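Printed here is my_file-v8.txt (compact mmCIF, C-alpha atoms and all ligand atoms):
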```
# COMPACT_ATOMS: atom_id res chain seq x y z
CA MET A 29 -4.79 -16.10 -18.45
CA ARG A 30 -7.78 -14.45 -16.76
CA LYS A 31 -9.58 -11.96 -18.99
CA PHE A 32 -10.69 -8.74 -17.34
CA GLN A 33 -11.97 -5.48 -18.68
CA ASN A 34 -13.37 -3.12 -16.04
CA LEU A 35 -11.82 -2.82 -12.58
CA LEU A 36 -13.18 -1.37 -9.37
CA VAL A 37 -10.16 -0.22 -7.39
CA THR A 38 -10.80 0.70 -3.77
CA GLY A 39 -8.45 3.17 -2.10
CA GLY A 40 -7.05 4.24 -5.46
CA ALA A 41 -6.20 7.76 -4.27
CA GLY A 42 -3.74 6.40 -1.71
CA PHE A 43 -0.08 5.59 -2.17
CA ILE A 44 -0.16 2.06 -3.61
CA GLY A 45 -3.64 2.18 -5.17
CA SER A 46 -2.73 5.28 -7.19
CA ALA A 47 0.55 3.69 -8.35
CA PHE A 48 -1.43 0.62 -9.41
CA ILE A 49 -3.89 2.75 -11.40
CA ARG A 50 -1.21 4.87 -13.07
CA SER A 51 0.64 1.74 -14.12
CA ALA A 52 -2.50 -0.15 -15.21
CA PHE A 53 -3.07 2.31 -18.02
CA THR A 54 0.40 1.52 -19.37
CA ARG A 55 -0.15 -2.27 -19.47
CA PRO A 56 -0.23 -3.66 -23.02
CA GLY A 57 -3.64 -5.05 -23.89
CA PHE A 58 -5.58 -3.34 -21.10
CA THR A 59 -8.33 -1.33 -22.77
CA GLY A 60 -10.87 -1.18 -19.95
CA THR A 61 -12.07 1.35 -17.41
CA ILE A 62 -11.02 1.78 -13.81
CA VAL A 63 -13.57 2.99 -11.28
CA ASN A 64 -11.66 4.36 -8.30
CA LEU A 65 -13.68 4.36 -5.06
CA ASP A 66 -11.96 6.29 -2.30
CA ALA A 67 -13.29 7.89 0.88
CA MET A 68 -10.54 10.53 0.80
CA THR A 69 -9.28 10.13 4.33
CA TYR A 70 -6.12 12.09 5.21
CA ALA A 71 -4.22 9.50 3.07
CA GLY A 72 -6.25 9.93 -0.11
CA ASN A 73 -4.97 12.53 -2.54
CA LEU A 74 -6.18 13.29 -6.06
CA ASP A 75 -2.82 14.92 -6.79
CA ASN A 76 -1.62 11.30 -7.10
CA LEU A 77 -3.90 10.78 -10.11
CA VAL A 78 -3.32 13.88 -12.21
CA GLY A 79 -3.25 13.40 -16.00
CA LEU A 80 -5.32 10.23 -16.27
CA ASP A 81 -7.86 9.97 -19.10
CA PRO A 82 -11.26 10.80 -17.52
CA ALA A 83 -12.95 8.50 -20.03
CA ARG A 84 -11.09 5.51 -18.56
CA HIS A 85 -10.53 6.61 -14.96
CA VAL A 86 -13.75 7.33 -13.07
CA PHE A 87 -13.15 8.73 -9.60
CA VAL A 88 -15.91 8.22 -7.04
CA HIS A 89 -15.70 9.88 -3.64
CA GLY A 90 -17.30 7.28 -1.39
CA ASP A 91 -16.85 4.72 1.34
CA ILE A 92 -16.40 0.96 0.96
CA LEU A 93 -18.69 0.64 3.97
CA ASP A 94 -21.54 1.86 1.72
CA GLY A 95 -22.58 -1.50 0.24
CA ALA A 96 -25.40 -0.01 -1.86
CA LEU A 97 -22.93 2.37 -3.51
CA VAL A 98 -20.50 -0.46 -4.26
CA GLU A 99 -23.33 -2.57 -5.75
CA ARG A 100 -24.37 0.33 -7.97
CA LEU A 101 -20.82 0.91 -9.17
CA VAL A 102 -20.24 -2.76 -9.96
CA ASP A 103 -23.51 -3.01 -11.91
CA THR A 104 -23.36 0.34 -13.68
CA HIS A 105 -19.78 -0.01 -14.86
CA ALA A 106 -19.91 -3.74 -15.71
CA ILE A 107 -17.10 -4.42 -13.25
CA ASP A 108 -15.54 -7.88 -13.58
CA THR A 109 -12.70 -7.44 -11.05
CA ILE A 110 -12.32 -5.67 -7.71
CA VAL A 111 -8.82 -4.79 -6.50
CA HIS A 112 -9.11 -3.89 -2.83
CA PHE A 113 -6.50 -1.47 -1.49
CA ALA A 114 -8.68 0.74 0.75
CA ALA A 115 -7.52 0.59 4.33
CA GLU A 116 -6.27 2.45 7.31
CA SER A 117 -2.61 1.61 6.84
CA HIS A 118 -0.36 3.15 9.47
CA VAL A 119 0.69 1.12 12.52
CA ASP A 120 1.28 4.13 14.78
CA ARG A 121 -2.21 5.47 14.05
CA SER A 122 -3.66 2.04 14.82
CA ILE A 123 -1.98 2.09 18.23
CA HIS A 124 -3.42 5.53 18.88
CA GLY A 125 -6.95 4.74 17.65
CA PRO A 126 -7.79 1.21 16.52
CA ALA A 127 -11.54 1.62 15.96
CA GLU A 128 -11.35 3.05 12.45
CA PHE A 129 -9.04 0.18 11.47
CA ILE A 130 -11.69 -2.33 12.42
CA GLN A 131 -14.39 -0.40 10.57
CA THR A 132 -12.56 0.08 7.28
CA ASN A 133 -10.23 -2.90 7.19
CA VAL A 134 -12.56 -5.54 8.61
CA VAL A 135 -16.17 -4.40 8.19
CA GLY A 136 -15.35 -2.62 4.92
CA THR A 137 -13.80 -5.78 3.46
CA MET A 138 -16.88 -7.76 4.50
CA ARG A 139 -19.15 -5.25 2.69
CA LEU A 140 -17.17 -5.72 -0.51
CA LEU A 141 -17.22 -9.49 -0.16
CA ASP A 142 -20.98 -9.43 0.27
CA VAL A 143 -21.33 -7.49 -2.96
CA VAL A 144 -19.24 -10.16 -4.72
CA ARG A 145 -21.21 -12.91 -3.02
CA ALA A 146 -24.30 -11.71 -4.89
CA ARG A 147 -22.20 -11.36 -8.11
CA PRO A 148 -19.90 -14.40 -8.21
CA HIS A 149 -18.73 -13.57 -11.75
CA VAL A 150 -16.66 -10.74 -10.18
CA HIS A 151 -13.09 -11.64 -9.21
CA PHE A 152 -11.84 -10.15 -5.91
CA HIS A 153 -8.19 -9.40 -5.22
CA HIS A 154 -7.35 -8.52 -1.64
CA VAL A 155 -4.21 -6.44 -1.03
CA SER A 156 -2.73 -7.39 2.32
CA THR A 157 0.52 -7.17 4.22
CA ASP A 158 3.28 -9.39 5.60
CA GLU A 159 2.56 -7.84 9.02
CA VAL A 160 -0.23 -10.41 9.51
CA TYR A 161 2.51 -13.00 10.12
CA GLY A 162 3.93 -11.12 13.09
CA SER A 163 7.61 -10.71 13.78
CA LEU A 164 10.66 -12.75 12.75
CA GLY A 165 13.77 -13.15 14.88
CA PHE A 166 17.08 -12.14 13.30
CA GLU A 167 17.95 -15.76 12.47
CA ASP A 168 14.50 -17.02 11.45
CA PRO A 169 13.79 -18.12 7.89
CA MET A 170 11.79 -15.61 5.85
CA PHE A 171 7.98 -15.58 5.71
CA THR A 172 6.26 -17.89 3.26
CA GLU A 173 2.57 -18.26 2.45
CA GLU A 174 2.44 -21.12 5.00
CA HIS A 175 3.61 -18.99 7.92
CA PRO A 176 1.12 -18.91 10.83
CA TYR A 177 -0.76 -15.69 11.51
CA LYS A 178 0.52 -13.86 14.61
CA PRO A 179 -0.40 -10.18 14.21
CA ASN A 180 1.01 -7.85 16.86
CA SER A 181 -0.41 -4.39 16.12
CA PRO A 182 -4.08 -3.39 15.80
CA TYR A 183 -3.33 -2.63 12.13
CA ALA A 184 -1.88 -6.11 11.56
CA ALA A 185 -4.78 -7.72 13.43
CA SER A 186 -7.33 -5.86 11.32
CA LYS A 187 -5.59 -6.96 8.11
CA ALA A 188 -5.35 -10.54 9.40
CA ALA A 189 -9.08 -10.50 10.12
CA SER A 190 -9.79 -9.23 6.61
CA ASP A 191 -7.61 -12.00 5.12
CA HIS A 192 -9.64 -14.59 7.01
CA LEU A 193 -12.89 -13.08 5.76
CA VAL A 194 -11.65 -13.27 2.16
CA ARG A 195 -10.57 -16.88 2.57
CA SER A 196 -13.78 -17.99 4.25
CA TRP A 197 -16.16 -16.09 1.91
CA ALA A 198 -14.32 -17.52 -1.09
CA ARG A 199 -14.52 -21.08 0.20
CA THR A 200 -18.03 -20.96 1.63
CA TYR A 201 -19.70 -18.95 -1.12
CA LYS A 202 -17.48 -20.23 -3.94
CA LEU A 203 -16.11 -16.84 -4.93
CA SER A 204 -13.10 -16.21 -7.13
CA ALA A 205 -10.65 -14.49 -4.79
CA THR A 206 -6.89 -14.05 -4.47
CA THR A 207 -4.84 -12.42 -1.71
CA SER A 208 -1.35 -10.94 -1.71
CA HIS A 209 0.91 -10.05 1.22
CA ALA A 210 3.49 -7.42 0.43
CA SER A 211 6.44 -6.15 2.41
CA ASN A 212 7.07 -2.46 3.17
CA ASN A 213 6.55 -0.31 0.09
CA TYR A 214 8.43 2.85 -0.85
CA GLY A 215 8.36 5.23 -3.78
CA PRO A 216 6.89 8.56 -4.85
CA TYR A 217 3.53 9.87 -3.52
CA GLN A 218 3.79 8.11 -0.13
CA PHE A 219 2.27 10.07 2.74
CA PRO A 220 5.07 11.43 4.96
CA GLU A 221 4.10 9.44 8.05
CA LYS A 222 5.79 6.19 6.96
CA LEU A 223 9.52 5.83 7.56
CA ILE A 224 11.07 6.70 4.19
CA PRO A 225 8.99 9.74 3.15
CA LEU A 226 8.98 11.05 6.73
CA MET A 227 12.76 10.91 6.87
CA ILE A 228 13.13 12.53 3.43
CA ALA A 229 10.68 15.33 4.31
CA ASN A 230 12.43 15.96 7.62
CA CYS A 231 15.86 16.01 5.95
CA LEU A 232 14.56 18.61 3.50
CA ASP A 233 13.12 20.67 6.39
CA GLY A 234 16.19 20.23 8.63
CA LYS A 235 13.99 18.57 11.28
CA PRO A 236 14.97 15.70 13.62
CA LEU A 237 14.89 12.17 12.15
CA PRO A 238 13.10 10.10 14.83
CA VAL A 239 14.47 6.55 14.98
CA TYR A 240 12.41 4.26 17.22
CA GLY A 241 14.35 2.27 19.83
CA ASP A 242 17.91 1.49 18.77
CA GLY A 243 17.12 1.44 15.02
CA GLY A 244 17.89 -2.29 14.87
CA ASN A 245 14.48 -3.38 13.52
CA ILE A 246 14.52 -4.81 10.02
CA ARG A 247 12.13 -4.25 7.13
CA ASP A 248 12.12 -5.69 3.60
CA TRP A 249 11.65 -2.80 1.15
CA LEU A 250 9.65 -3.18 -2.07
CA HIS A 251 9.32 -0.46 -4.70
CA VAL A 252 5.67 0.46 -5.18
CA ASP A 253 5.90 -0.03 -8.96
CA ASP A 254 7.20 -3.56 -8.42
CA HIS A 255 4.24 -4.16 -6.10
CA ALA A 256 1.81 -2.87 -8.74
CA ALA A 257 3.37 -5.16 -11.35
CA ALA A 258 3.13 -8.16 -9.04
CA ILE A 259 -0.56 -7.53 -8.37
CA TRP A 260 -1.16 -7.25 -12.11
CA ARG A 261 0.46 -10.68 -12.59
CA VAL A 262 -1.77 -12.12 -9.87
CA LEU A 263 -4.85 -10.65 -11.58
CA GLU A 264 -3.75 -12.19 -14.87
CA ASP A 265 -2.72 -15.65 -13.75
CA GLY A 266 -3.21 -16.08 -10.00
CA ALA A 267 -5.22 -19.19 -9.19
CA PRO A 268 -8.52 -18.63 -7.36
CA HIS A 269 -8.21 -19.11 -3.58
CA GLU A 270 -4.44 -18.71 -3.76
CA VAL A 271 -2.25 -16.44 -1.65
CA TYR A 272 0.95 -14.84 -2.96
CA ASP A 273 3.67 -13.17 -0.90
CA ILE A 274 5.41 -10.22 -2.60
CA GLY A 275 8.78 -9.12 -1.24
CA GLY A 276 11.52 -6.76 -2.29
CA GLY A 277 14.44 -9.02 -1.35
CA ASN A 278 15.85 -5.97 0.46
CA GLU A 279 16.28 -6.35 4.20
CA TRP A 280 17.59 -3.23 5.91
CA LYS A 281 18.04 -2.30 9.54
CA ASN A 282 16.19 0.98 10.06
CA LEU A 283 19.29 2.86 11.21
CA ALA A 284 21.36 1.67 8.24
CA LEU A 285 18.55 2.74 5.93
CA VAL A 286 18.36 6.20 7.53
CA HIS A 287 22.13 6.56 7.16
CA CYS A 288 21.88 5.57 3.47
CA LEU A 289 19.05 8.05 3.01
CA CYS A 290 20.99 10.89 4.68
CA ASP A 291 23.98 10.17 2.45
CA ALA A 292 21.82 10.15 -0.69
CA VAL A 293 20.10 13.44 0.23
CA ALA A 294 23.51 15.00 0.94
CA GLU A 295 24.94 13.79 -2.36
CA LEU A 296 21.94 15.10 -4.28
CA ARG A 297 22.29 18.52 -2.69
CA GLY A 298 26.12 18.59 -2.83
CA GLU A 299 26.39 18.82 0.96
CA PRO A 300 28.22 16.79 3.61
CA SER A 301 26.40 13.67 4.90
CA GLU A 302 27.10 14.78 8.46
CA LYS A 303 24.64 17.66 8.08
CA TYR A 304 21.81 15.11 7.74
CA ARG A 305 23.16 12.30 9.94
CA ALA A 306 23.35 14.84 12.76
CA LEU A 307 19.54 15.11 12.61
CA ILE A 308 19.11 11.45 13.69
CA THR A 309 17.37 11.34 17.07
CA PHE A 310 16.71 8.13 18.96
CA VAL A 311 13.20 8.22 20.43
CA ALA A 312 11.07 5.87 22.55
CA ASP A 313 10.31 2.56 20.88
CA ARG A 314 6.92 1.79 19.31
CA PRO A 315 4.84 -0.44 21.64
CA GLY A 316 4.81 -4.02 20.35
CA HIS A 317 7.37 -3.07 17.69
CA ASP A 318 7.92 -6.04 15.35
CA LEU A 319 11.62 -6.86 15.08
CA ARG A 320 11.88 -8.11 11.53
CA TYR A 321 9.84 -8.71 8.38
CA ALA A 322 11.22 -10.55 5.37
CA ILE A 323 9.46 -12.29 2.49
CA ALA A 324 10.87 -15.27 0.60
CA GLY A 325 8.80 -14.70 -2.56
CA ASP A 326 9.52 -18.13 -4.07
CA LYS A 327 5.90 -18.94 -4.91
CA ILE A 328 5.14 -15.88 -7.05
CA ALA A 329 8.50 -16.27 -8.81
CA ARG A 330 7.90 -19.94 -9.54
CA GLU A 331 4.22 -19.81 -10.45
CA LEU A 332 3.82 -16.37 -12.01
CA GLY A 333 7.37 -15.53 -13.04
CA TRP A 334 7.39 -12.28 -11.03
CA ARG A 335 10.51 -10.96 -9.31
CA PRO A 336 11.28 -7.48 -8.04
CA SER A 337 13.10 -5.37 -10.62
CA TYR A 338 14.26 -2.41 -8.52
CA ASP A 339 17.69 -2.19 -6.99
CA PHE A 340 17.02 -0.56 -3.60
CA VAL A 341 19.70 2.12 -3.59
CA THR A 342 18.74 3.21 -7.12
CA GLY A 343 15.04 3.19 -6.18
CA LEU A 344 15.70 5.13 -3.00
CA ARG A 345 17.71 7.79 -4.86
CA ALA A 346 14.93 8.17 -7.45
CA THR A 347 12.39 8.45 -4.64
CA ILE A 348 14.42 11.13 -2.88
CA ARG A 349 14.77 12.98 -6.22
CA TRP A 350 10.97 12.85 -6.62
CA TYR A 351 10.39 14.42 -3.18
CA VAL A 352 13.07 17.06 -3.82
CA ASP A 353 11.37 17.90 -7.12
CA HIS A 354 7.85 18.02 -5.62
CA PRO A 355 7.98 20.32 -2.58
CA GLU A 356 4.47 21.52 -3.39
CA TRP A 357 3.11 17.95 -3.08
CA ILE A 358 4.67 17.57 0.38
CA ALA A 359 3.47 21.02 1.46
CA ARG A 360 -0.09 20.34 0.33
CA VAL A 361 -0.41 16.96 2.06
CA LYS A 362 1.16 18.33 5.21
CA THR A 363 -1.10 21.37 5.43
CA GLY A 364 -4.16 19.43 4.35
CA ALA A 365 -4.69 21.95 1.52
CA TYR A 366 -5.69 19.11 -0.82
CA ARG A 367 -8.49 18.28 1.59
CA GLN A 368 -10.02 21.73 1.16
CA TRP A 369 -9.91 21.14 -2.59
CA ILE A 370 -11.77 17.85 -2.12
CA ASP A 371 -14.35 19.42 0.14
CA THR A 372 -14.97 22.17 -2.41
CA ASN A 373 -15.03 19.96 -5.47
CA TYR A 374 -16.75 16.89 -4.14
CA ALA A 375 -19.07 18.32 -1.49
CA GLY A 376 -22.45 16.69 -1.74
CA ARG A 377 -21.66 15.01 -5.03
CA SER A 378 -23.12 11.54 -5.15
CA ALA A 379 -21.71 8.67 -7.15
P1 LIG B 1 -2.72 4.62 2.11
O1 LIG B 1 -3.03 4.90 3.54
O2 LIG B 1 -1.73 5.46 1.37
O3 LIG B 1 -4.07 4.71 1.25
C1 LIG B 1 -5.28 4.14 1.67
C2 LIG B 1 -6.39 4.71 0.79
O4 LIG B 1 -7.62 4.11 1.22
C3 LIG B 1 -6.55 6.22 0.93
O5 LIG B 1 -6.67 6.81 -0.34
C4 LIG B 1 -7.83 6.37 1.73
O6 LIG B 1 -8.53 7.57 1.46
C5 LIG B 1 -8.61 5.14 1.31
N1 LIG B 1 -9.62 4.72 2.29
C6 LIG B 1 -9.44 4.60 3.64
N2 LIG B 1 -10.60 4.22 4.21
C7 LIG B 1 -11.50 4.07 3.19
C8 LIG B 1 -12.86 3.68 3.15
N3 LIG B 1 -13.55 3.36 4.27
N4 LIG B 1 -13.48 3.63 1.95
C9 LIG B 1 -12.80 3.96 0.81
N5 LIG B 1 -11.52 4.35 0.80
C10 LIG B 1 -10.88 4.40 1.98
O7 LIG B 1 -2.34 3.10 2.05
P2 LIG B 1 -1.30 2.33 1.11
O8 LIG B 1 0.03 2.41 1.72
O9 LIG B 1 -1.52 2.78 -0.29
O10 LIG B 1 -1.82 0.83 1.30
C11 LIG B 1 -2.81 0.28 0.42
C12 LIG B 1 -3.08 -1.15 0.81
O11 LIG B 1 -1.87 -1.90 0.74
C13 LIG B 1 -3.61 -1.31 2.23
O12 LIG B 1 -4.61 -2.31 2.20
C14 LIG B 1 -2.39 -1.77 3.03
O13 LIG B 1 -2.79 -2.58 4.10
C15 LIG B 1 -1.65 -2.57 1.98
N6 LIG B 1 -0.19 -2.65 2.16
C16 LIG B 1 0.55 -1.51 2.35
C17 LIG B 1 1.93 -1.60 2.48
C18 LIG B 1 2.78 -0.37 2.65
O14 LIG B 1 4.00 -0.50 2.84
N7 LIG B 1 2.24 0.84 2.57
C19 LIG B 1 2.56 -2.86 2.42
C20 LIG B 1 1.76 -4.01 2.22
C21 LIG B 1 0.39 -3.88 2.08
P1 LIG B 2 6.62 2.26 9.00
O1 LIG B 2 7.03 2.99 7.76
O2 LIG B 2 5.63 2.90 9.92
O3 LIG B 2 6.11 0.83 8.51
P2 LIG B 2 5.74 -0.49 9.38
O4 LIG B 2 5.64 -0.16 10.79
O5 LIG B 2 4.41 -0.84 8.81
O6 LIG B 2 6.82 -1.47 9.07
O7 LIG B 2 7.92 1.92 9.85
C1 LIG B 2 8.99 1.21 9.28
C2 LIG B 2 10.01 0.97 10.36
O8 LIG B 2 10.57 2.23 10.75
C3 LIG B 2 9.44 0.37 11.64
O9 LIG B 2 10.40 -0.51 12.20
C4 LIG B 2 9.23 1.57 12.55
C5 LIG B 2 10.36 2.49 12.14
N1 LIG B 2 10.08 3.95 12.25
C6 LIG B 2 10.98 4.76 12.92
O10 LIG B 2 12.01 4.31 13.44
N2 LIG B 2 10.71 6.09 12.99
C7 LIG B 2 9.58 6.65 12.43
O11 LIG B 2 9.36 7.88 12.56
C8 LIG B 2 8.68 5.78 11.74
C9 LIG B 2 7.42 6.33 11.12
C10 LIG B 2 8.97 4.43 11.66
```

As structure tokens - that is how I would like this structure written.
Amino acid sequence: MRKFQNLLVTGGAGFIGSAFIRSAFTRPGFTGTIVNLDAMTYAGNLDNLVGLDPARHVFVHGDILDGALVERLVDTHAIDTIVHFAAESHVDRSIHGPAEFIQTNVVGTMRLLDVVRARPHVHFHHVSTDEVYGSLGFEDPMFTEEHPYKPNSPYAASKAASDHLVRSWARTYKLSATTSHASNNYGPYQFPEKLIPLMIANCLDGKPLPVYGDGGNIRDWLHVDDHAAAIWRVLEDGAPHEVYDIGGGNEWKNLALVHCLCDAVAELRGEPSEKYRALITFVADRPGHDLRYAIAGDKIARELGWRPSYDFVTGLRATIRWYVDHPEWIARVKTGAYRQWIDTNYAGRSA
């Protein structure tokens, strides 16, 4: 088992990074510190990190593109492991404006790798996505780690490029690096631009539920806490240079998922499902919309003993409950009020 003490987590104020940090402090035997480097884009939110012990969670408002800052953090905090979540992560935004995706996801990853290159005792874990593999047909076998790369969106292409950088830096410069590809995550604290939180927020607001195309596209849904647990297993026992695919074993057609979600919201509020199903609105399809993602997950089960633990319908209900119980969180991210707080509290503060 790999021993690690102090982690640098990039993008730890986002959806998955914050779940990873919250859960890390509950792992038996972990006594170290987590330095959380986040540029606080629209997706970063310190509300996701409330209640953590400031002696063990050090938040730094900064950019992974700032190599000198990353070097200083690694050296000052005796970092032995970097877990790299920071990214631009939304496909629709990448279609609208790809440049930032290249900067953060590609150039940013290279900056981090160069810091590790000069400090080869530091292990690097790269958090990536199944979208690098492209799209499956309805009848195709699920993705495995051997699947060829065929990214279709600017987001997927930027993540694919970053995967290649990690692989090549690790091999050429003999770094200790692992990569994981996860399927679509869901759970609390997800920014309401991705399918599930957007649909929940719109149900709660009585707004239209925009389904792209005919709603027949398929995604494999993974609870964010299962994803965090899988990454922890990779940090503990993943072999250097290895790649692990992390899936939820939960393929759903988008329209069926939205129906299920409407029914669960209705049940929670003691109202008829029809009230919410009537909000479903079919809209123009996403350009280059991948038909299907699905992860086999055999390798991580076999080699690291990890399997998803969440049953999807139970996880979805709990997620809906969380959004119902946290209207202030949704309101703040939607109005950008948390950004004003950041600007006031972190203006001009250097790491
Ligand atoms: P997110 O958009 O919620 O969070 C990204 C975080 O990165 C934000 O806090 C943001 O402020 C920060 N960030 C962005 N640019 C930065 C920069 N230049 N420097 C420092 N911080 C920066 O994303 P997420 O959904 O939590 O995804 C995290 C990672 O997991 C990403 O690498 C993504 O590709 C990958 N992933 C996501 C999913 C999913 O379903 N959301 C699935 C598989 C893999
Ligand atoms: P999304 O959550 O953006 O994740 P990804 O594109 O990375 O898989 O979208 C999930 C699926 O839901 C995808 O097939 C696109 C579809 N979708 C809609 O139908 N309507 C929406 O408003 C959104 C955001 C997504």

Quick one: residues within 9 Å of Gly241 in chain A, only C-alpha atoms counted, chain neighbours fewer than 4 positions away excluded, as a PyMOL selection string?
chain A and resi 245+310-314

Could you give me, as a PyMOL selection string, every polymer residue with an atom at most 7 Å away from an atom of ligand LIG 1 (chain B), counting only C-alpha atoms and all ligand atoms?
chain A and resi 38-45+65-73+90-93+112-118+132+136+155-158+187+209-214+218-219

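For the pair CA of Val63 in chain A and CA of Ala198 in chain A, the separation is 22.9 Å.
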
Rounded to one decimal place, report the atom O5 of ligand LIG 2 (chain B)-CA of Val160 in chain A distance in Å.
10.7 Å

Selection as number ranges by chain: residues within 8 Å of ligand LIG 2 (chain B) by only C-alpha atoms and all ligand atoms
A: 117-120, 159, 212, 221-224, 226-227, 237-241, 243, 245-247, 282-283, 313-314, 317-321
